[in-house]
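Just below is one structure, and these are the notes that go with it.
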Amino acid sequence: MKQILQTIAYRILYGIVYIVSLLPMTFLYAVASFAFFLSYHVVGYRKSVVIQNISRSFPDMRYGEIRCVVKKFYTCFTAYFAEILKSISAPAKVLDKKIRFENLELIDRHMNAGRNVIACLGHCGNWEMLNFMPYKLRHDMYAVYKPLRSGIMNRLMIKLRSRFGMKLIPDKSVTRHILTQKSSSAVYLFLADQCPRIKEDKYKFKLLNQETYIFSGMEKLARISRSTVIYLHITQLSKGSYKVTCIPVCSDAESTNEREISQKYVDLLTENIKEEPYSWLWTHKRWKR
């Protein structure tokens with residue numbers, strides 16, 4: 001009975017979300033503007049965390065500059081939700097004009113050679129729009145994710161992210177999956193810039209002027225599976241339009257030294273954030289004191 005009720009609740013929720021996604025983009029952006037007003041001016045959602053994170057990351061910034069970055073962050077952050085909602089029903093040809101991919105041939109070259117490709121990135125720009133990426137590739141693509149506690153919300157998330165062929169794989173299952181799928185190669189998407197549960201001192205790096213623990217799993221998995229590693233550099237071209245550039249990290253992870261891949265990832269992530277400091281997920285308590 002519980003499973004039946006959850007299925008009904010899921011279908012109702014998905015129906016509501018889908019109907020909302022059919023609304024004009026101008027209306028959704030208007031709702032996002034109201035959400036910005038509430039989150040920035042009224043509620044102040046994690047505002048102290050955002051200000052503290054940006055201040056420590058850019059110690060040379062003046063208060064006025066920090067204030068501008070913080071305000072623009074909340075403006076973009078709320079707009080992202082409107083764009084994600086719209087992507088639920090937007091035709092592929094519309095999204096194809098909104099998301100520009102560069103250097104995808106880098107992935108094709110390594111995949112055609114029989115290698116898995118690990119695509120790492122940070123929470124920059126509207127990273128959820130990468131759910132459209134399988135539409136542009138001729139290869140299987142998996143997004144590594146942490147399942148949500150709510151079965152209904154987890155099912156909804158999988159549904160929304162898999163619209164264009166993205167396959168979701170739980171973080172605890174990815175190692176076994178890659179090592180057992182030796183007959184075929186695929187692309188594996190890793191968001192690796194959150195604070196890991198297990199902190200290893202040898203995987204502690206300097207990120208934005210602060211000592212930062214980085215997930216070691218992405219590098220370790222790349223090395224044992226002899227995967228190619230690339231970084232997906234996301235920038236915003238205009239409101240609702242993004243560019244995703246594939247940047248090589250290494251062609252064969254097995255031949256790299258320990259920490260080499262993670263260090264390159266940190267360097268590329270730093271460049272990505274500095275290029276558009278307002279686009280990173282500053283609400284995350286990345287550096288707990």
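A note on labels: chains of the structure tokens are A, B, ... as shown, every chain counts residues from 1, and ligands are counted from 1 in their shown order.
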- Please provide the set of residues having any atom within 9 Å of Leu121 of chain A, restricted to only C-alpha atoms, with same-chain residues fewer than 4 positions apart removed, written as JSON, numbers by chain. {"A": [127, 189, 190, 191, 192, 193, 230, 231, 232, 233, 234, 265, 268, 269]}
Write out, as a PDB file, in the first residue's frame, the residues just selected, with N, CA and C atoms.
```pdb
ATOM      1  N   TRP A 127      24.509  23.908 -13.818  1.00  0.00           N
ATOM      2  CA  TRP A 127      25.069  22.579 -14.119  1.00  0.00           C
ATOM      3  C   TRP A 127      23.987  21.559 -14.454  1.00  0.00           C
ATOM      4  N   LEU A 189      29.817  11.320 -15.404  1.00  0.00           N
ATOM      5  CA  LEU A 189      29.796  12.707 -14.969  1.00  0.00           C
ATOM      6  C   LEU A 189      29.942  12.783 -13.453  1.00  0.00           C
ATOM      7  N   PHE A 190      30.967  13.519 -12.992  1.00  0.00           N
ATOM      8  CA  PHE A 190      31.233  13.660 -11.561  1.00  0.00           C
ATOM      9  C   PHE A 190      31.198  15.132 -11.148  1.00  0.00           C
ATOM     10  N   LEU A 191      30.324  15.489 -10.212  1.00  0.00           N
ATOM     11  CA  LEU A 191      30.372  16.795  -9.549  1.00  0.00           C
ATOM     12  C   LEU A 191      31.207  16.589  -8.294  1.00  0.00           C
ATOM     13  N   ALA A 192      32.417  17.114  -8.302  1.00  0.00           N
ATOM     14  CA  ALA A 192      33.378  16.715  -7.263  1.00  0.00           C
ATOM     15  C   ALA A 192      33.835  17.854  -6.358  1.00  0.00           C
ATOM     16  N   ASP A 193      33.021  18.903  -6.232  1.00  0.00           N
ATOM     17  CA  ASP A 193      33.512  20.066  -5.475  1.00  0.00           C
ATOM     18  C   ASP A 193      32.827  20.266  -4.129  1.00  0.00           C
ATOM     19  N   ILE A 230      38.387  14.493 -18.329  1.00  0.00           N
ATOM     20  CA  ILE A 230      38.237  15.838 -18.875  1.00  0.00           C
ATOM     21  C   ILE A 230      37.520  16.710 -17.852  1.00  0.00           C
ATOM     22  N   TYR A 231      37.650  18.008 -18.031  1.00  0.00           N
ATOM     23  CA  TYR A 231      36.934  18.963 -17.171  1.00  0.00           C
ATOM     24  C   TYR A 231      35.913  19.700 -18.023  1.00  0.00           C
ATOM     25  N   LEU A 232      34.706  19.862 -17.507  1.00  0.00           N
ATOM     26  CA  LEU A 232      33.660  20.592 -18.210  1.00  0.00           C
ATOM     27  C   LEU A 232      33.585  22.012 -17.641  1.00  0.00           C
ATOM     28  N   HIS A 233      34.049  22.954 -18.440  1.00  0.00           N
ATOM     29  CA  HIS A 233      34.107  24.358 -18.040  1.00  0.00           C
ATOM     30  C   HIS A 233      32.805  25.040 -18.473  1.00  0.00           C
ATOM     31  N   ILE A 234      32.008  25.470 -17.488  1.00  0.00           N
ATOM     32  CA  ILE A 234      30.693  26.053 -17.780  1.00  0.00           C
ATOM     33  C   ILE A 234      30.726  27.564 -17.563  1.00  0.00           C
ATOM     34  N   TYR A 265      42.265  19.249 -11.514  1.00  0.00           N
ATOM     35  CA  TYR A 265      40.846  19.556 -11.332  1.00  0.00           C
ATOM     36  C   TYR A 265      40.672  20.826 -10.512  1.00  0.00           C
ATOM     37  N   LEU A 268      41.598  23.897 -12.608  1.00  0.00           N
ATOM     38  CA  LEU A 268      40.583  24.231 -13.609  1.00  0.00           C
ATOM     39  C   LEU A 268      39.310  24.763 -12.960  1.00  0.00           C
ATOM     40  N   LEU A 269      38.933  24.188 -11.827  1.00  0.00           N
ATOM     41  CA  LEU A 269      37.770  24.679 -11.097  1.00  0.00           C
ATOM     42  C   LEU A 269      37.997  26.116 -10.631  1.00  0.00           C
TER      43      LEU A 269
END
```
- DSSP-assigned alpha helix (DSSP H) among segment 132-260 of chain A, expressed as a list in words: Gly151, Ile152, Met153, Asn154, Arg155, Leu156, Met157, Ile158, Lys159, Leu160, Arg161, Val174, Thr175, Arg176, His177, Ile178, Leu179, Thr180, Gly217, Met218, Glu219, Lys220, Leu221, Ala222, Arg223, Ile224 and Glu260 of chain A
- A:Gly125, A:Pro24, A:Gly165, A:Pro170 ranked by distance to Glu275 of chain A, top pick (using only C-alpha atoms):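 Of A:Gly125, A:Pro24, A:Gly165, A:Pro170, the one nearest Glu275 of chain A is A:Gly125, counting only C-alpha atoms.
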- Message: Taking 5 positions as the minimum chain separation for residues in the same chain, which residues sit within 10 Å of Phe205 of chain A when counting only C-alpha atoms? Answer as a PyMOL selection string.
- Response: chain A and resi 210-214+259+262-263+266-267
For the selection just defined, write its residues with N, CA, C and O atoms to a file, as an mmCIF file, in the first residue's frame.
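Once everything was written out, this is selection.cif:
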```
data_model
loop_
_atom_site.group_PDB
_atom_site.id
_atom_site.type_symbol
_atom_site.label_atom_id
_atom_site.label_comp_id
_atom_site.auth_asym_id
_atom_site.auth_seq_id
_atom_site.Cartn_x
_atom_site.Cartn_y
_atom_site.Cartn_z
ATOM 1 N N GLN A 210 42.078 28.711 0.411
ATOM 2 C CA GLN A 210 41.696 27.978 1.612
ATOM 3 C C GLN A 210 42.035 26.496 1.487
ATOM 4 O O GLN A 210 41.910 25.918 0.412
ATOM 5 N N GLU A 211 42.463 25.904 2.590
ATOM 6 C CA GLU A 211 42.745 24.477 2.617
ATOM 7 C C GLU A 211 41.435 23.718 2.407
ATOM 8 O O GLU A 211 40.461 23.920 3.143
ATOM 9 N N THR A 212 41.422 22.854 1.395
ATOM 10 C CA THR A 212 40.173 22.235 0.979
ATOM 11 C C THR A 212 40.351 20.749 0.713
ATOM 12 O O THR A 212 41.262 20.341 -0.008
ATOM 13 N N TYR A 213 39.481 19.937 1.313
ATOM 14 C CA TYR A 213 39.488 18.500 1.030
ATOM 15 C C TYR A 213 38.710 18.238 -0.258
ATOM 16 O O TYR A 213 37.638 18.792 -0.477
ATOM 17 N N ILE A 214 39.267 17.399 -1.116
ATOM 18 C CA ILE A 214 38.657 17.059 -2.391
ATOM 19 C C ILE A 214 38.330 15.570 -2.405
ATOM 20 O O ILE A 214 39.074 14.751 -1.854
ATOM 21 N N ARG A 259 47.526 12.324 -6.887
ATOM 22 C CA ARG A 259 47.123 13.721 -6.668
ATOM 23 C C ARG A 259 47.183 14.576 -7.941
ATOM 24 O O ARG A 259 46.636 15.678 -7.967
ATOM 25 N N SER A 262 43.650 15.314 -9.343
ATOM 26 C CA SER A 262 42.908 16.170 -8.422
ATOM 27 C C SER A 262 43.450 17.594 -8.431
ATOM 28 O O SER A 262 42.682 18.560 -8.376
ATOM 29 N N GLN A 263 44.773 17.717 -8.530
ATOM 30 C CA GLN A 263 45.373 19.061 -8.572
ATOM 31 C C GLN A 263 44.963 19.801 -9.840
ATOM 32 O O GLN A 263 44.638 20.992 -9.799
ATOM 33 N N VAL A 266 41.402 20.933 -9.418
ATOM 34 C CA VAL A 266 41.314 22.117 -8.554
ATOM 35 C C VAL A 266 41.732 23.368 -9.319
ATOM 36 O O VAL A 266 41.093 24.427 -9.213
ATOM 37 N N ASP A 267 42.797 23.254 -10.119
ATOM 38 C CA ASP A 267 43.266 24.404 -10.905
ATOM 39 C C ASP A 267 42.204 24.852 -11.911
ATOM 40 O O ASP A 267 41.945 26.053 -12.067
#
```
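Considering only C-alpha atoms, the residue among A:Lys86, A:Gly114, A:Ala119, A:Gln194 positioned nearest to Trp282 of chain A is A:Gln194.
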- Message: List the spatial neighbours of Gly64 of chain A as a PyMOL selection string - criterion: any atom at most 12 Å away, only C-alpha atoms, same-chain residues fewer than 5 positions off excluded.
- Response: chain A and resi 51+55+69-71
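Atom pair atom CA of Met25 of chain A / atom CA of Ile8 of chain A has a distance of 28.4 Å (rounded to one decimal).
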- Message: Report as a VMD selection string all protein, DNA and RNA residues lying within 10 Å of Glu83 of chain A, evaluated on only C-alpha atoms, omitting residues in the same chain fewer than 5 positions from it.
- Response: chain A and resid 21 25 28 to 29 32 78 88 90 126 128 to 129 239 to 241
- Query: Interatomic distance between atom CA of Phe36 of chain A and atom CA of Gln236 of chain A?
  - Reply: 18.5 Å
- Query: Between A:Ile107, A:Ile4, A:Ile152, A:Val117, which is the closest to Met218 of chain A once you count only C-alpha atoms?
  - Reply: A:Val117
May I have all residues of segment 83-162 of chain A that DSSP, computed from the backbone, assigns to strand (DSSP E), given as an mmCIF file with all heavy atoms, in the first residue's frame?
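The file below, selection.cif, is the result:
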```cif
data_model
loop_
_atom_site.group_PDB
_atom_site.id
_atom_site.type_symbol
_atom_site.label_atom_id
_atom_site.label_comp_id
_atom_site.auth_asym_id
_atom_site.auth_seq_id
_atom_site.Cartn_x
_atom_site.Cartn_y
_atom_site.Cartn_z
ATOM 1 N N ILE A 99 22.306 25.871 -25.184
ATOM 2 C CA ILE A 99 23.507 25.249 -24.602
ATOM 3 C C ILE A 99 24.485 24.932 -25.719
ATOM 4 O O ILE A 99 24.186 24.106 -26.594
ATOM 5 C CB ILE A 99 23.152 23.966 -23.830
ATOM 6 C CG1 ILE A 99 21.980 24.222 -22.883
ATOM 7 C CG2 ILE A 99 24.355 23.454 -23.047
ATOM 8 C CD1 ILE A 99 21.394 22.983 -22.285
ATOM 9 N N ARG A 100 25.634 25.572 -25.693
ATOM 10 C CA ARG A 100 26.632 25.364 -26.733
ATOM 11 C C ARG A 100 27.789 24.534 -26.175
ATOM 12 O O ARG A 100 28.393 24.892 -25.163
ATOM 13 C CB ARG A 100 27.159 26.712 -27.232
ATOM 14 C CG ARG A 100 27.995 26.605 -28.496
ATOM 15 C CD ARG A 100 28.279 27.987 -29.035
ATOM 16 N NE ARG A 100 29.458 28.573 -28.402
ATOM 17 C CZ ARG A 100 29.723 29.866 -28.373
ATOM 18 N NH1 ARG A 100 28.873 30.731 -28.895
ATOM 19 N NH2 ARG A 100 30.828 30.314 -27.803
ATOM 20 N N PHE A 101 28.065 23.421 -26.828
ATOM 21 C CA PHE A 101 29.156 22.538 -26.408
ATOM 22 C C PHE A 101 30.355 22.740 -27.332
ATOM 23 O O PHE A 101 30.201 22.794 -28.551
ATOM 24 C CB PHE A 101 28.707 21.077 -26.447
ATOM 25 C CG PHE A 101 27.674 20.727 -25.418
ATOM 26 C CD1 PHE A 101 26.310 20.793 -25.729
ATOM 27 C CD2 PHE A 101 28.047 20.347 -24.141
ATOM 28 C CE1 PHE A 101 25.350 20.477 -24.778
ATOM 29 C CE2 PHE A 101 27.090 20.028 -23.186
ATOM 30 C CZ PHE A 101 25.738 20.098 -23.506
ATOM 31 N N GLU A 102 31.521 22.837 -26.731
ATOM 32 C CA GLU A 102 32.749 23.005 -27.502
ATOM 33 C C GLU A 102 33.721 21.868 -27.200
ATOM 34 O O GLU A 102 33.868 21.440 -26.055
ATOM 35 C CB GLU A 102 33.408 24.355 -27.180
ATOM 36 C CG GLU A 102 32.611 25.557 -27.670
ATOM 37 C CD GLU A 102 33.387 26.853 -27.580
ATOM 38 O OE1 GLU A 102 34.465 26.872 -26.937
ATOM 39 O OE2 GLU A 102 32.920 27.867 -28.148
ATOM 40 N N VAL A 117 35.404 7.745 -20.298
ATOM 41 C CA VAL A 117 35.725 9.152 -20.079
ATOM 42 C C VAL A 117 35.055 9.618 -18.801
ATOM 43 O O VAL A 117 33.835 9.497 -18.653
ATOM 44 C CB VAL A 117 35.265 10.031 -21.260
ATOM 45 C CG1 VAL A 117 35.475 11.515 -20.936
ATOM 46 C CG2 VAL A 117 36.008 9.664 -22.529
ATOM 47 N N ILE A 118 35.866 10.110 -17.877
ATOM 48 C CA ILE A 118 35.329 10.690 -16.653
ATOM 49 C C ILE A 118 35.319 12.202 -16.839
ATOM 50 O O ILE A 118 36.373 12.824 -17.021
ATOM 51 C CB ILE A 118 36.155 10.282 -15.426
ATOM 52 C CG1 ILE A 118 35.910 8.795 -15.122
ATOM 53 C CG2 ILE A 118 35.794 11.142 -14.219
ATOM 54 C CD1 ILE A 118 36.641 8.264 -13.916
ATOM 55 N N ALA A 119 34.127 12.773 -16.825
ATOM 56 C CA ALA A 119 33.958 14.216 -17.007
ATOM 57 C C ALA A 119 33.672 14.835 -15.641
ATOM 58 O O ALA A 119 32.614 14.606 -15.057
ATOM 59 C CB ALA A 119 32.816 14.498 -17.975
ATOM 60 N N CYS A 120 34.632 15.584 -15.130
ATOM 61 C CA CYS A 120 34.460 16.203 -13.819
ATOM 62 C C CYS A 120 34.120 17.690 -13.991
ATOM 63 O O CYS A 120 34.502 18.316 -14.979
ATOM 64 C CB CYS A 120 35.712 16.024 -12.966
ATOM 65 S SG CYS A 120 37.249 16.591 -13.733
ATOM 66 N N LEU A 121 33.424 18.229 -13.045
ATOM 67 C CA LEU A 121 33.021 19.632 -13.089
ATOM 68 C C LEU A 121 32.690 20.105 -11.699
ATOM 69 O O LEU A 121 32.689 19.316 -10.738
ATOM 70 C CB LEU A 121 31.810 19.814 -14.004
ATOM 71 C CG LEU A 121 30.483 19.193 -13.551
ATOM 72 C CD1 LEU A 121 29.303 20.009 -14.097
ATOM 73 C CD2 LEU A 121 30.359 17.748 -14.017
ATOM 74 N N MET A 141 25.957 7.808 -21.382
ATOM 75 C CA MET A 141 26.435 8.793 -20.412
ATOM 76 C C MET A 141 25.734 8.589 -19.077
ATOM 77 O O MET A 141 24.507 8.492 -19.008
ATOM 78 C CB MET A 141 26.190 10.217 -20.930
ATOM 79 C CG MET A 141 26.836 11.293 -20.090
ATOM 80 S SD MET A 141 26.805 12.900 -20.922
ATOM 81 C CE MET A 141 27.808 13.855 -19.764
ATOM 82 N N TYR A 142 26.542 8.506 -18.013
ATOM 83 C CA TYR A 142 26.029 8.299 -16.664
ATOM 84 C C TYR A 142 26.373 9.499 -15.790
ATOM 85 O O TYR A 142 27.482 10.040 -15.869
ATOM 86 C CB TYR A 142 26.645 7.050 -16.031
ATOM 87 C CG TYR A 142 26.297 5.757 -16.723
ATOM 88 C CD1 TYR A 142 27.032 5.308 -17.824
ATOM 89 C CD2 TYR A 142 25.243 4.958 -16.271
ATOM 90 C CE1 TYR A 142 26.716 4.122 -18.465
ATOM 91 C CE2 TYR A 142 24.925 3.764 -16.903
ATOM 92 C CZ TYR A 142 25.662 3.351 -17.997
ATOM 93 O OH TYR A 142 25.354 2.173 -18.622
ATOM 94 N N ALA A 143 25.415 9.900 -14.958
ATOM 95 C CA ALA A 143 25.669 10.936 -13.960
ATOM 96 C C ALA A 143 25.723 10.272 -12.596
ATOM 97 O O ALA A 143 24.786 9.574 -12.199
ATOM 98 C CB ALA A 143 24.579 12.001 -13.992
ATOM 99 N N VAL A 144 26.834 10.452 -11.898
ATOM 100 C CA VAL A 144 26.985 9.867 -10.565
ATOM 101 C C VAL A 144 26.268 10.778 -9.571
ATOM 102 O O VAL A 144 26.493 11.990 -9.543
ATOM 103 C CB VAL A 144 28.470 9.735 -10.197
ATOM 104 C CG1 VAL A 144 28.615 9.107 -8.818
ATOM 105 C CG2 VAL A 144 29.200 8.893 -11.247
ATOM 106 N N TYR A 145 25.372 10.219 -8.765
ATOM 107 C CA TYR A 145 24.585 11.051 -7.851
ATOM 108 C C TYR A 145 24.403 10.360 -6.504
ATOM 109 O O TYR A 145 24.584 9.146 -6.381
ATOM 110 C CB TYR A 145 23.206 11.352 -8.462
ATOM 111 C CG TYR A 145 22.199 10.233 -8.305
ATOM 112 C CD1 TYR A 145 21.136 10.345 -7.408
ATOM 113 C CD2 TYR A 145 22.316 9.045 -9.035
ATOM 114 C CE1 TYR A 145 20.213 9.315 -7.256
ATOM 115 C CE2 TYR A 145 21.397 8.013 -8.887
ATOM 116 C CZ TYR A 145 20.350 8.156 -7.999
ATOM 117 O OH TYR A 145 19.448 7.128 -7.836
#
```
- Between A:Lys204, A:Asp60, A:Ile178, A:Ser251, which has the minimum distance to Ile224 of chain A (counting only C-alpha atoms)?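 Among the listed residues, the smallest separation from Ile224 of chain A belongs to A:Ile178.
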- Query: In terms of the shortest atom-to-atom distance over only C-alpha atoms, which of A:Arg46, A:His139, A:Lys206, A:His123 is closest to Ile273 of chain A?
  - Reply: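 Of A:Arg46, A:His139, A:Lys206, A:His123, the one nearest Ile273 of chain A, counting only C-alpha atoms, is A:His123.
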- In Å, how far is it from atom CA of Pro248 of chain A to atom CA of Leu106 of chain A?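 Separation of atom CA of Pro248 of chain A and atom CA of Leu106 of chain A: 7.8 Å.
Each of A:Glu258, A:Glu200, A:Glu271, A:Glu105 was compared to Cys246 of chain A using only C-alpha atoms, and A:Glu105 turns out to be the nearest.
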- Item | Shell of 9 Å around Leu281 of chain A, only C-alpha atoms, local chain residues under 5 positions omitted, as a PyMOL selection string | chain A and resi 50+73+77+122-125
